[in-house]
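Q: Dropping in input33.txt, with compact mmCIF, C-alpha atoms.
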```txt
# COMPACT_ATOMS: atom_id res chain seq x y z
CA MET A 1 0.00 0.00 0.00
CA ASN A 2 3.02 2.26 0.36
CA TRP A 3 4.08 1.60 -3.22
CA SER A 4 3.88 4.24 -5.91
CA ASN A 5 1.42 3.82 -8.79
CA ILE A 6 4.14 2.65 -11.15
CA GLU A 7 5.30 -0.01 -8.67
CA LYS A 8 1.74 -1.28 -8.42
CA CYS A 9 1.49 -1.24 -12.22
CA ILE A 10 4.64 -3.35 -12.51
CA LEU A 11 3.05 -5.83 -10.09
CA VAL A 12 -0.06 -5.93 -12.29
CA LEU A 13 2.08 -6.52 -15.38
CA VAL A 14 3.87 -9.40 -13.67
CA LEU A 15 0.51 -10.92 -12.71
CA ALA A 16 -0.71 -10.55 -16.30
CA ILE A 17 2.41 -12.33 -17.58
CA LEU A 18 1.87 -15.15 -15.08
CA ILE A 19 -1.74 -15.50 -16.24
CA HIS A 20 -0.56 -15.89 -19.83
CA ILE A 21 2.01 -18.47 -18.74
CA LEU A 22 -0.77 -20.45 -17.05
CA TRP A 23 -2.79 -20.31 -20.27
CA ILE A 24 0.21 -21.46 -22.31
CA MET A 25 0.85 -24.41 -19.98
CA TRP A 26 -2.81 -25.43 -20.15
CA LYS A 27 -2.93 -25.17 -23.95
CA VAL A 28 0.37 -26.98 -24.48
CA TYR A 29 -0.86 -29.83 -22.27
CA ILE A 30 -4.07 -30.09 -24.31
CA ILE A 31 -2.23 -29.99 -27.64
CA MET A 32 0.03 -32.80 -26.41
CA THR A 33 -2.98 -34.85 -25.24
CA PRO A 34 -5.12 -35.78 -28.29
CA SER A 35 -7.69 -37.56 -26.10
CA LEU A 36 -8.77 -34.15 -24.80
CA TRP A 37 -9.35 -32.61 -28.22
CA GLN A 38 -12.97 -33.74 -28.21
CA TRP A 39 -13.65 -31.28 -25.38
CA VAL A 40 -12.01 -28.21 -26.90
CA ASN A 41 -11.83 -26.08 -30.01
CA ILE A 42 -8.34 -27.22 -30.92
CA ALA A 43 -7.95 -24.76 -33.81
CA LEU A 44 -8.76 -21.84 -31.50
CA ILE A 45 -6.38 -23.13 -28.84
CA LYS A 46 -3.51 -23.31 -31.31
CA SER A 47 -4.18 -19.77 -32.58
CA GLN A 48 -4.59 -18.48 -29.01
CA LEU A 49 -1.23 -19.97 -28.11
CA SER A 50 0.44 -17.59 -30.55
CA ILE A 51 -1.60 -14.69 -29.18
CA ASN A 52 -0.49 -15.54 -25.65
CA LEU A 53 3.16 -15.51 -26.66
CA PHE A 54 2.73 -12.19 -28.45
CA SER A 55 0.88 -10.76 -25.41
CA ILE A 56 3.73 -11.77 -23.10
CA ALA A 57 6.18 -9.94 -25.37
CA CYS A 58 3.98 -6.79 -25.24
CA LEU A 59 3.63 -7.03 -21.46
CA LEU A 60 7.39 -7.43 -21.05
CA LEU A 61 7.85 -4.31 -23.20
CA LEU A 62 5.42 -2.36 -20.98
CA THR A 63 7.27 -3.62 -17.90
CA PHE A 64 10.58 -2.45 -19.35
CA VAL A 65 9.15 1.00 -20.20
CA SER A 66 7.67 1.29 -16.68
CA ILE A 67 10.97 0.44 -15.00
CA LYS A 68 12.98 2.65 -17.38
CA ASN A 69 10.76 5.69 -16.72
CA TYR A 70 10.22 4.87 -13.06
CA ASN A 71 10.60 8.42 -11.70
CA LYS A 72 8.68 10.31 -14.38
CA LYS A 73 5.39 11.82 -13.26
CA TRP A 74 3.53 11.16 -16.50
CA VAL A 75 4.42 7.47 -16.29
CA ASN A 76 3.15 7.25 -12.71
CA HIS A 77 -0.11 8.92 -13.72
CA TRP A 78 -1.05 7.74 -17.22
CA PHE A 79 0.48 4.26 -17.08
CA SER A 80 -1.82 3.47 -14.17
CA TYR A 81 -4.80 3.82 -16.49
CA LEU A 82 -3.14 2.10 -19.45
CA ILE A 83 -1.79 -0.92 -17.58
CA VAL A 84 -4.82 -1.54 -15.37
CA THR A 85 -7.14 -1.22 -18.39
CA THR A 86 -4.94 -3.62 -20.37
CA PHE A 87 -5.05 -6.10 -17.49
CA ILE A 88 -8.85 -5.85 -17.25
CA LEU A 89 -9.29 -6.38 -21.00
CA ILE A 90 -7.08 -9.48 -20.79
CA LEU A 91 -9.28 -10.86 -18.01
CA VAL A 92 -12.44 -10.01 -19.96
CA LEU A 93 -11.11 -11.90 -22.99
CA ASP A 94 -10.08 -14.86 -20.83
CA GLY A 95 -13.47 -14.83 -19.14
CA TYR A 96 -15.19 -14.91 -22.51
CA LEU A 97 -13.03 -17.82 -23.70
CA VAL A 98 -13.79 -20.06 -20.69
CA GLY A 99 -17.36 -18.82 -20.23
CA ILE A 100 -18.78 -15.66 -18.69
CA TYR A 101 -20.78 -17.63 -16.12
CA SER A 102 -18.01 -20.10 -15.32
CA PRO A 103 -16.68 -20.30 -11.72
CA ALA A 104 -13.20 -19.24 -12.87
CA THR A 105 -14.51 -16.03 -14.46
CA VAL A 106 -16.77 -15.09 -11.55
CA PHE A 107 -14.11 -15.86 -8.93
CA THR A 108 -11.41 -13.94 -10.78
CA SER A 109 -13.69 -10.91 -11.28
CA VAL A 110 -14.50 -10.70 -7.57
CA CYS A 111 -10.86 -11.08 -6.51
CA VAL A 112 -9.54 -8.55 -9.02
CA THR A 113 -12.20 -5.98 -8.06
CA GLY A 114 -11.37 -6.34 -4.36
CA VAL A 115 -7.64 -6.06 -4.94
CA GLY A 116 -8.08 -3.11 -7.29
CA LEU A 117 -10.16 -1.16 -4.75
CA ILE A 118 -7.33 -1.55 -2.24
CA LEU A 119 -4.37 -0.90 -4.52
CA PHE A 120 -5.47 1.94 -6.78
CA ASN A 121 -7.37 5.19 -6.40
CA GLN A 122 -11.09 5.33 -7.11
CA LYS A 123 -10.81 6.98 -10.53
CA ILE A 124 -8.73 4.14 -11.95
CA VAL A 125 -10.82 1.41 -10.30
CA TYR A 126 -14.25 2.75 -11.24
CA LEU A 127 -13.19 3.54 -14.80
CA ASN A 128 -12.05 -0.04 -15.29
CA LEU A 129 -15.03 -1.39 -13.37
CA PHE A 130 -17.23 0.43 -15.87
CA ILE A 131 -15.20 -1.04 -18.76
CA SER A 132 -15.40 -4.58 -17.39
CA ILE A 133 -19.12 -4.39 -16.57
CA SER A 134 -19.88 -2.92 -19.99
CA SER A 135 -17.78 -5.58 -21.70
CA PHE A 136 -19.33 -8.47 -19.78
CA SER A 137 -22.83 -7.06 -20.27
CA SER A 138 -22.24 -6.84 -24.02
CA LEU A 139 -20.85 -10.38 -24.12
CA ILE A 140 -23.83 -11.67 -22.15
CA TYR A 141 -26.24 -9.95 -24.52
CA PHE A 142 -24.55 -11.20 -27.70
CA THR A 143 -24.26 -14.76 -26.39
CA THR A 144 -27.96 -14.84 -25.46
CA GLN A 145 -28.73 -13.55 -28.97
CA ASN A 146 -26.49 -16.30 -30.41
CA SER A 147 -24.45 -13.62 -32.16
CA ILE A 148 -21.26 -15.03 -30.64
CA PRO A 149 -20.57 -18.46 -29.18
CA TYR A 150 -20.45 -19.04 -25.43
CA ALA A 151 -17.09 -20.27 -24.06
CA PRO A 152 -15.64 -20.75 -27.57
CA ILE A 153 -12.50 -22.46 -26.29
CA PHE A 154 -14.59 -25.50 -25.34
CA SER A 155 -16.33 -27.74 -27.88
CA GLN A 156 -20.09 -27.86 -28.34
CA LYS A 157 -19.96 -31.49 -27.27
CA LEU A 158 -18.72 -30.42 -23.86
CA LEU A 159 -21.04 -27.42 -23.55
CA ASN A 160 -24.10 -29.50 -24.50
CA SER A 161 -23.32 -32.02 -21.75
CA PHE A 162 -23.50 -31.65 -17.98
CA VAL A 163 -20.20 -29.80 -17.62
CA TYR A 164 -20.07 -30.36 -13.87
CA HIS A 165 -19.88 -34.11 -14.57
CA ASN A 166 -17.00 -33.67 -16.99
CA ASP A 167 -13.63 -34.23 -15.30
CA PHE A 168 -11.75 -32.18 -17.88
CA TRP A 169 -13.97 -29.11 -17.42
CA VAL A 170 -13.92 -29.39 -13.62
CA TYR A 171 -10.13 -29.77 -13.49
CA SER A 172 -9.74 -26.88 -15.91
CA MET A 173 -11.83 -24.64 -13.65
CA VAL A 174 -9.77 -25.72 -10.64
CA TYR A 175 -6.56 -25.07 -12.61
CA PHE A 176 -7.63 -21.48 -13.32
CA ILE A 177 -9.07 -20.82 -9.85
CA ILE A 178 -6.28 -22.21 -7.62
CA PRO A 179 -3.55 -19.73 -8.70
CA ILE A 180 -5.95 -16.78 -8.31
CA LEU A 181 -7.04 -18.09 -4.91
CA VAL A 182 -3.47 -18.57 -3.68
CA ALA A 183 -2.35 -15.18 -5.01
CA GLY A 184 -5.42 -13.51 -3.49
CA LEU A 185 -4.87 -15.13 -0.09
CA LEU A 186 -1.19 -14.17 -0.08
CA PHE A 187 -2.03 -10.64 -1.12
CA PHE A 188 -4.70 -10.16 1.53
CA GLU A 189 -2.46 -11.76 4.15
CA LEU A 190 0.24 -9.23 3.27
CA LEU A 191 -2.32 -6.44 3.51
CA LEU A 192 -3.51 -7.70 6.90
CA PHE A 193 0.07 -7.94 8.11
CA GLN A 194 0.75 -4.40 6.94
CA TRP A 195 -2.51 -3.18 8.48
CA ARG A 196 -1.70 -4.82 11.82
CA TYR A 197 1.80 -3.35 11.69
CA ARG A 198 0.41 0.12 10.99
CA GLU A 199 -2.13 -0.21 13.77
CA SER A 200 0.57 -1.21 16.26
CA LEU A 201 2.80 1.59 14.96
CA PHE A 202 0.03 4.19 15.27
CA GLU A 203 -0.76 2.91 18.75
CA LYS A 204 2.90 3.18 19.71
CA ILE A 205 3.19 6.68 18.22
CA SER A 206 0.13 7.79 20.16
CA GLN A 207 1.73 6.55 23.39
CA ILE A 208 5.41 7.46 22.94
CA ASP A 209 7.19 10.80 23.21
CA PRO A 210 9.17 11.09 19.93
CA LEU A 211 12.27 12.70 21.48
CA THR A 212 12.90 10.64 24.61
CA GLU A 213 10.98 7.50 23.52
CA LEU A 214 9.35 7.46 26.93
CA TYR A 215 5.61 7.16 27.37
CA ASN A 216 3.64 10.38 26.93
CA ARG A 217 1.10 11.99 29.23
CA ARG A 218 -1.88 10.32 27.52
CA PHE A 219 -0.50 6.83 28.14
CA PHE A 220 0.44 7.78 31.69
CA ASN A 221 -3.09 9.00 32.47
CA ASN A 222 -4.57 5.81 31.00
CA LYS A 223 -2.36 3.68 33.25
CA VAL A 224 -3.36 5.69 36.32
CA SER A 225 -7.03 5.24 35.35
CA GLU A 226 -6.52 1.46 35.10
CA LEU A 227 -4.98 1.37 38.58
CA GLN A 228 -7.84 3.43 39.98
CA GLN A 229 -10.47 1.21 38.36
CA ASN A 230 -8.76 -1.86 39.83
CA GLN A 231 -8.50 -0.02 43.18
CA GLN A 232 -4.74 -0.53 43.27
CA SER A 233 -2.53 1.81 45.27
CA TYR A 234 0.13 3.87 43.56
CA ILE A 235 2.49 6.78 44.12
CA ILE A 236 3.35 9.50 41.62
CA ILE A 237 6.77 11.12 41.38
CA LEU A 238 7.15 14.32 39.39
CA LEU A 239 10.65 15.63 38.63
CA ASP A 240 11.99 18.71 36.92
CA LEU A 241 15.54 19.36 35.70
CA ASP A 242 17.20 22.20 37.59
CA HIS A 243 18.27 25.25 35.57
CA PHE A 244 17.48 23.51 32.29
CA LYS A 245 17.09 26.83 30.49
CA THR A 246 20.77 27.53 31.19
CA ILE A 247 21.73 24.38 29.23
CA ASN A 248 19.71 25.51 26.22
CA ASP A 249 21.03 29.06 26.38
CA SER A 250 24.69 28.07 26.88
CA HIS A 251 24.98 25.03 24.62
CA GLY A 252 22.02 25.16 22.25
CA HIS A 253 18.74 23.30 22.02
CA HIS A 254 20.37 20.24 20.43
CA VAL A 255 22.37 19.75 23.64
CA GLY A 256 19.18 20.35 25.62
CA ASP A 257 17.51 17.56 23.65
CA ALA A 258 20.51 15.31 24.30
CA ALA A 259 20.17 16.07 28.02
CA LEU A 260 16.49 15.07 27.99
CA ILE A 261 17.34 11.80 26.22
CA HIS A 262 20.13 11.18 28.74
CA ILE A 263 17.77 11.70 31.69
CA ALA A 264 15.11 9.52 30.06
CA LYS A 265 17.55 6.61 29.78
CA THR A 266 18.76 7.16 33.32
CA LEU A 267 15.25 7.07 34.76
CA SER A 268 14.23 4.01 32.72
CA GLN A 269 17.23 2.08 34.04
CA SER A 270 16.71 3.16 37.65
CA VAL A 271 13.11 2.15 38.32
CA ARG A 272 11.38 -1.21 38.72
CA LYS A 273 10.03 -3.12 35.74
CA THR A 274 6.49 -2.49 36.92
CA ASP A 275 6.99 1.29 37.09
CA ILE A 276 6.00 3.68 34.30
CA VAL A 277 8.31 6.52 33.26
CA ALA A 278 6.80 9.23 31.08
CA ARG A 279 7.69 12.65 29.78
CA TYR A 280 5.28 15.10 31.32
CA GLY A 281 6.25 18.12 29.23
CA GLY A 282 9.30 20.29 28.60
CA GLU A 283 11.97 19.24 31.07
CA GLU A 284 9.50 17.53 33.41
CA PHE A 285 9.22 13.76 33.83
CA ILE A 286 6.68 11.75 35.76
CA LEU A 287 6.89 8.31 37.35
CA LEU A 288 4.02 5.99 38.21
CA LEU A 289 4.89 3.49 40.94
CA PRO A 290 2.12 0.94 41.59
CA GLN A 291 1.91 -1.21 44.72
CA ILE A 292 4.68 0.54 46.62
CA THR A 293 5.23 1.96 50.08
CA VAL A 294 6.15 5.55 50.82
CA ASN A 295 9.64 4.58 52.01
CA GLN A 296 10.25 2.58 48.80
CA ALA A 297 9.09 5.52 46.70
CA PHE A 298 11.44 7.81 48.62
CA GLU A 299 14.34 5.42 47.99
CA ILE A 300 13.63 5.15 44.25
CA ALA A 301 13.37 8.92 43.90
CA GLU A 302 16.60 9.44 45.83
CA LYS A 303 18.32 6.74 43.76
CA CYS A 304 17.30 8.52 40.53
CA ARG A 305 18.37 11.90 41.95
CA LYS A 306 21.85 10.63 42.84
CA ILE A 307 22.40 8.90 39.50
CA ILE A 308 21.37 12.02 37.60
CA GLU A 309 23.70 14.12 39.76
CA ASN A 310 26.66 11.75 39.46
CA GLN A 311 26.37 10.77 35.77
CA PRO A 312 26.99 13.91 33.69
CA LEU A 313 26.03 14.27 30.05
CA LYS A 314 29.12 13.70 27.89
CA LEU A 315 29.42 15.83 24.76
CA ASN A 316 31.35 15.03 21.58
CA ASP A 317 34.18 17.42 22.52
CA ASP A 318 34.76 15.47 25.76
CA LYS A 319 33.02 18.18 27.76
CA LYS A 320 30.67 17.16 30.53
CA ILE A 321 27.46 18.80 31.67
CA TYR A 322 26.40 18.08 35.21
CA ILE A 323 22.65 17.99 35.69
CA THR A 324 20.54 17.90 38.82
CA ALA A 325 16.83 17.39 39.29
CA SER A 326 14.22 18.15 41.90
CA PHE A 327 11.67 15.46 42.84
CA GLY A 328 8.15 15.73 44.19
CA ILE A 329 6.28 12.69 45.53
CA GLY A 330 2.51 12.76 45.67
CA ILE A 331 0.71 10.34 47.96
CA SER A 332 -2.49 9.13 46.34
CA THR A 333 -5.50 7.16 47.52
CA SER A 334 -8.20 5.32 45.60
CA ASP A 335 -10.66 8.18 46.04
CA LEU A 336 -8.29 10.77 44.52
CA SER A 337 -8.62 11.77 40.87
CA ILE A 338 -5.62 11.76 38.55
CA ASP A 339 -5.47 15.55 38.65
CA GLN A 340 -5.46 15.58 42.46
CA ALA A 341 -2.71 12.94 42.66
CA ILE A 342 -0.56 14.87 40.19
CA TYR A 343 -1.36 18.09 42.06
CA PHE A 344 0.13 16.62 45.25
CA ALA A 345 3.30 15.62 43.38
CA ASP A 346 3.45 19.06 41.77
CA GLN A 347 3.16 20.78 45.14
CA ALA A 348 5.96 18.60 46.51
CA LEU A 349 8.11 19.42 43.46
CA TYR A 350 7.45 23.15 43.87
CA HIS A 351 8.44 22.90 47.52
CA ALA A 352 11.66 21.07 46.55
CA LYS A 353 12.49 23.87 44.10
CA GLN A 354 11.81 26.52 46.70
CA SER A 355 13.89 24.66 49.27
CA GLY A 356 17.09 24.73 47.21
CA ARG A 357 16.55 22.19 44.36
CA ASN A 358 18.30 18.83 43.85
CA GLN A 359 16.28 17.11 46.56
CA VAL A 360 13.26 14.88 47.11
CA GLN A 361 10.11 16.21 48.79
CA LEU A 362 6.82 14.52 49.58
CA PHE A 363 3.34 15.99 49.98
CA ASP A 364 0.43 13.97 51.40
CA GLY A 365 -2.19 16.67 51.14
CA THR A 366 -1.43 18.38 54.42
CA THR A 367 2.31 18.36 55.15
CA PHE A 368 5.62 18.30 53.29
CA GLN A 369 8.42 15.87 54.08
CA GLN A 370 11.98 15.79 52.73
CA PHE A 371 13.88 12.58 52.13
CA HIS A 372 16.72 11.96 54.58
CA PRO A 373 18.81 8.84 53.95
CA LYS A 374 19.11 6.42 56.82
CA ILE A 375 22.48 6.47 58.56
CA SER A 376 23.62 3.02 59.49
CA SER A 377 25.25 2.65 62.92
```
Would you mind writing the file's structure down as structure tokens?
A:
Amino acid sequence: MNWSNIEKCILVLVLAILIHILWIMWKVYIIMTPSLWQWVNIALIKSQLSINLFSIACLLLLTFVSIKNYNKKWVNHWFSYLIVTTFILILVLDGYLVGIYSPATVFTSVCVTGVGLILFNQKIVYLNLFISISSFSSLIYFTTQNSIPYAPIFSQKLLNSFVYHNDFWVYSMVYFIIPILVAGLLFFELLLFQWRYRESLFEKISQIDPLTELYNRRFFNNKVSELQQNQQSYIIILLDLDHFKTINDSHGHHVGDAALIHIAKTLSQSVRKTDIVARYGGEEFILLLPQITVNQAFEIAEKCRKIIENQPLKLNDDKKIYITASFGIGISTSDLSIDQAIYFADQALYHAKQSGRNQVQLFDGTTFQQFHPKISS
């Protein structure tokens, strides 16, 4: 589906060549098997064999022209109409030869219409749909008026009998249907694979911050909602890089972006596997810690703070930029909304900033508390 029109046209040309090869194999087998001549118009088959070979040569020429003029706009535009129309006329002729009402013709028409609607734009598809319907309608009319024979490639002896009881006719229909069926299944499987891939990609894009490759705020809020619906406890940690504007002003925004990526990796490697790390906006990051105690949350926040402080960002010129961050922990309960839980963390972060930065503060709705590491005796 990501292919250009000319790439799709080349695919159509290849399919048309394969169809002619199938016809040639079928006709050669019949010519080499005299016992089957009673069921076919052998003179027509022999003449059609030459037409098939000539058609393959023309299709190969079109393929060569398409590849040679691959990047030209007029080829991409006009060849779409020419090649698709040529392919449809080939199928109409084949359908007439084996019988307009035959299973092979009906099955092929349905498959080709479905594939065409997916591959090409509506103008090309509906133009050729009009051509095919008009052609088949005309053939139906003229055959009912006995102006032209029905399924001329088969003999009258076969057509006057119960064709469904004739092994040769049944096997011929199967021979024409199987390749179309296999090609159609493969094609639609590829489309489904591509569709599933796109869906997963779009889902990932909607959840991931493009710069840091962390989760975004939307995904974070959804995860908090899931925890609240399941009545699971959680703690939110909000952190902000100290004096981040100075990094942008002194070194440029590209270094600022590198700093954000550096912090994102640091945080991802410092939390538990069950924790969610997301970019909250600008130089702010937010952590969701489910099923955790206050002391454990304090320790994780302090661990992240120390690693950020002690692992500077290394630049290409061997310079190092030391970064610090302030952390705010918000205690949440099952009856708190997402906004209230984040508000607590934001208040704790603001208090950490006001208290000198590069520290961890907690707010439970009434009081603030700063992290103090335990001193072992």
Q: In the coordinates of the file, take the point (21.2, 8.5, 26.8) and a cut-off of 9 Å; then, counting all atoms listed in the file, name each qualifying protein, DNA or RNA residue as a list in words.
A: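 Neighbouring residues, ordered by chain and number, come to Thr212, Ala258, Ala259, Leu260, Ile261, His262, Ile263, Ala264, Lys265, Thr266 and Leu313 of chain A.
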Q: Output C-alpha atoms of each residue in that selection to a file, as a PDB file, in the frame of the given file.
A:
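See selection-v8.pdb below for the written result:
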```pdb
ATOM      1  CA  THR A 212      12.900  10.640  24.610  1.00  0.00           C
ATOM      2  CA  ALA A 258      20.510  15.310  24.300  1.00  0.00           C
ATOM      3  CA  ALA A 259      20.170  16.070  28.020  1.00  0.00           C
ATOM      4  CA  LEU A 260      16.490  15.070  27.990  1.00  0.00           C
ATOM      5  CA  ILE A 261      17.340  11.800  26.220  1.00  0.00           C
ATOM      6  CA  HIS A 262      20.130  11.180  28.740  1.00  0.00           C
ATOM      7  CA  ILE A 263      17.770  11.700  31.690  1.00  0.00           C
ATOM      8  CA  ALA A 264      15.110   9.520  30.060  1.00  0.00           C
ATOM      9  CA  LYS A 265      17.550   6.610  29.780  1.00  0.00           C
ATOM     10  CA  THR A 266      18.760   7.160  33.320  1.00  0.00           C
ATOM     11  CA  LEU A 313      26.030  14.270  30.050  1.00  0.00           C
TER      12      LEU A 313
END
```
Q: Which neighbours of range 304-311 of chain A fall inside 12 Å, counting all atoms listed in the file, when residues of the same chain fewer than 3 positions from it are skipped, and could you give them as a count of residues only?
A: 44
Q: If you count only C-alpha atoms, which residues fall within 12 Å of Tyr164 in chain A, apart from same-chain ones fewer than 4 positions away, as a tab-separated table (two decimals) with C-alpha atoms, keeping the file's coordinate frame?
A:
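Saved to selection17.tsv:
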```
chain	number	residue	atom	x	y	z
A	102	SER	CA	-18.01	-20.10	-15.32
A	103	PRO	CA	-16.68	-20.30	-11.72
A	158	LEU	CA	-18.72	-30.42	-23.86
A	159	LEU	CA	-21.04	-27.42	-23.55
A	160	ASN	CA	-24.10	-29.50	-24.50
A	168	PHE	CA	-11.75	-32.18	-17.88
A	169	TRP	CA	-13.97	-29.11	-17.42
A	170	VAL	CA	-13.92	-29.39	-13.62
A	171	TYR	CA	-10.13	-29.77	-13.49
A	172	SER	CA	-9.74	-26.88	-15.91
A	173	MET	CA	-11.83	-24.64	-13.65
A	174	VAL	CA	-9.77	-25.72	-10.64
```
Q: Can you tell me how far CA of Ala16 in chain A sits from CA of Ile30 in chain A, in Å to one decimal?
A: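 Computing the Euclidean distance for CA of Ala16 in chain A and CA of Ile30 in chain A yields 21.4 Å.
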Q: From the list A:Ile100, A:Leu49, A:Ile6, A:Ile338, which residue is nearest Gln228 in chain A when using only C-alpha atoms?
A: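 When distances to Gln228 in chain A are compared using only C-alpha atoms, the smallest one comes from A:Ile338.
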Q: Quick one: distance from CA of Tyr280 in chain A to CA of Lys204 in chain A in Å, one decimal?
A: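 Here the two named atoms are 16.8 Å from each other.
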Q: Could you check the closest approach to Ile56 in chain A for each of A:Ile42, A:Ala348, A:Val224, A:Ile90 and tell me which residue wins, using all atoms listed in the file?
A: A:Ile90
Q: Out of A:Val98, A:Glu302, A:Thr105, A:Val84, which residue has the shortest atom-to-atom distance to Leu129 in chain A when counting all atoms listed in the file?
A: A:Val84
Q: From the set A:Leu62, A:Ile131, A:Ala104, A:Ala345, which residue has the shortest atom-to-atom contact distance to Ile178 in chain A, counting all atoms listed in the file?
A: A:Ala104
Q: May I ask for the distance between CA of Val110 in chain A and CA of His77 in chain A, given in Å to one decimal place?
A: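 According to the coordinates, CA of Val110 in chain A and CA of His77 in chain A are separated by 25.1 Å.
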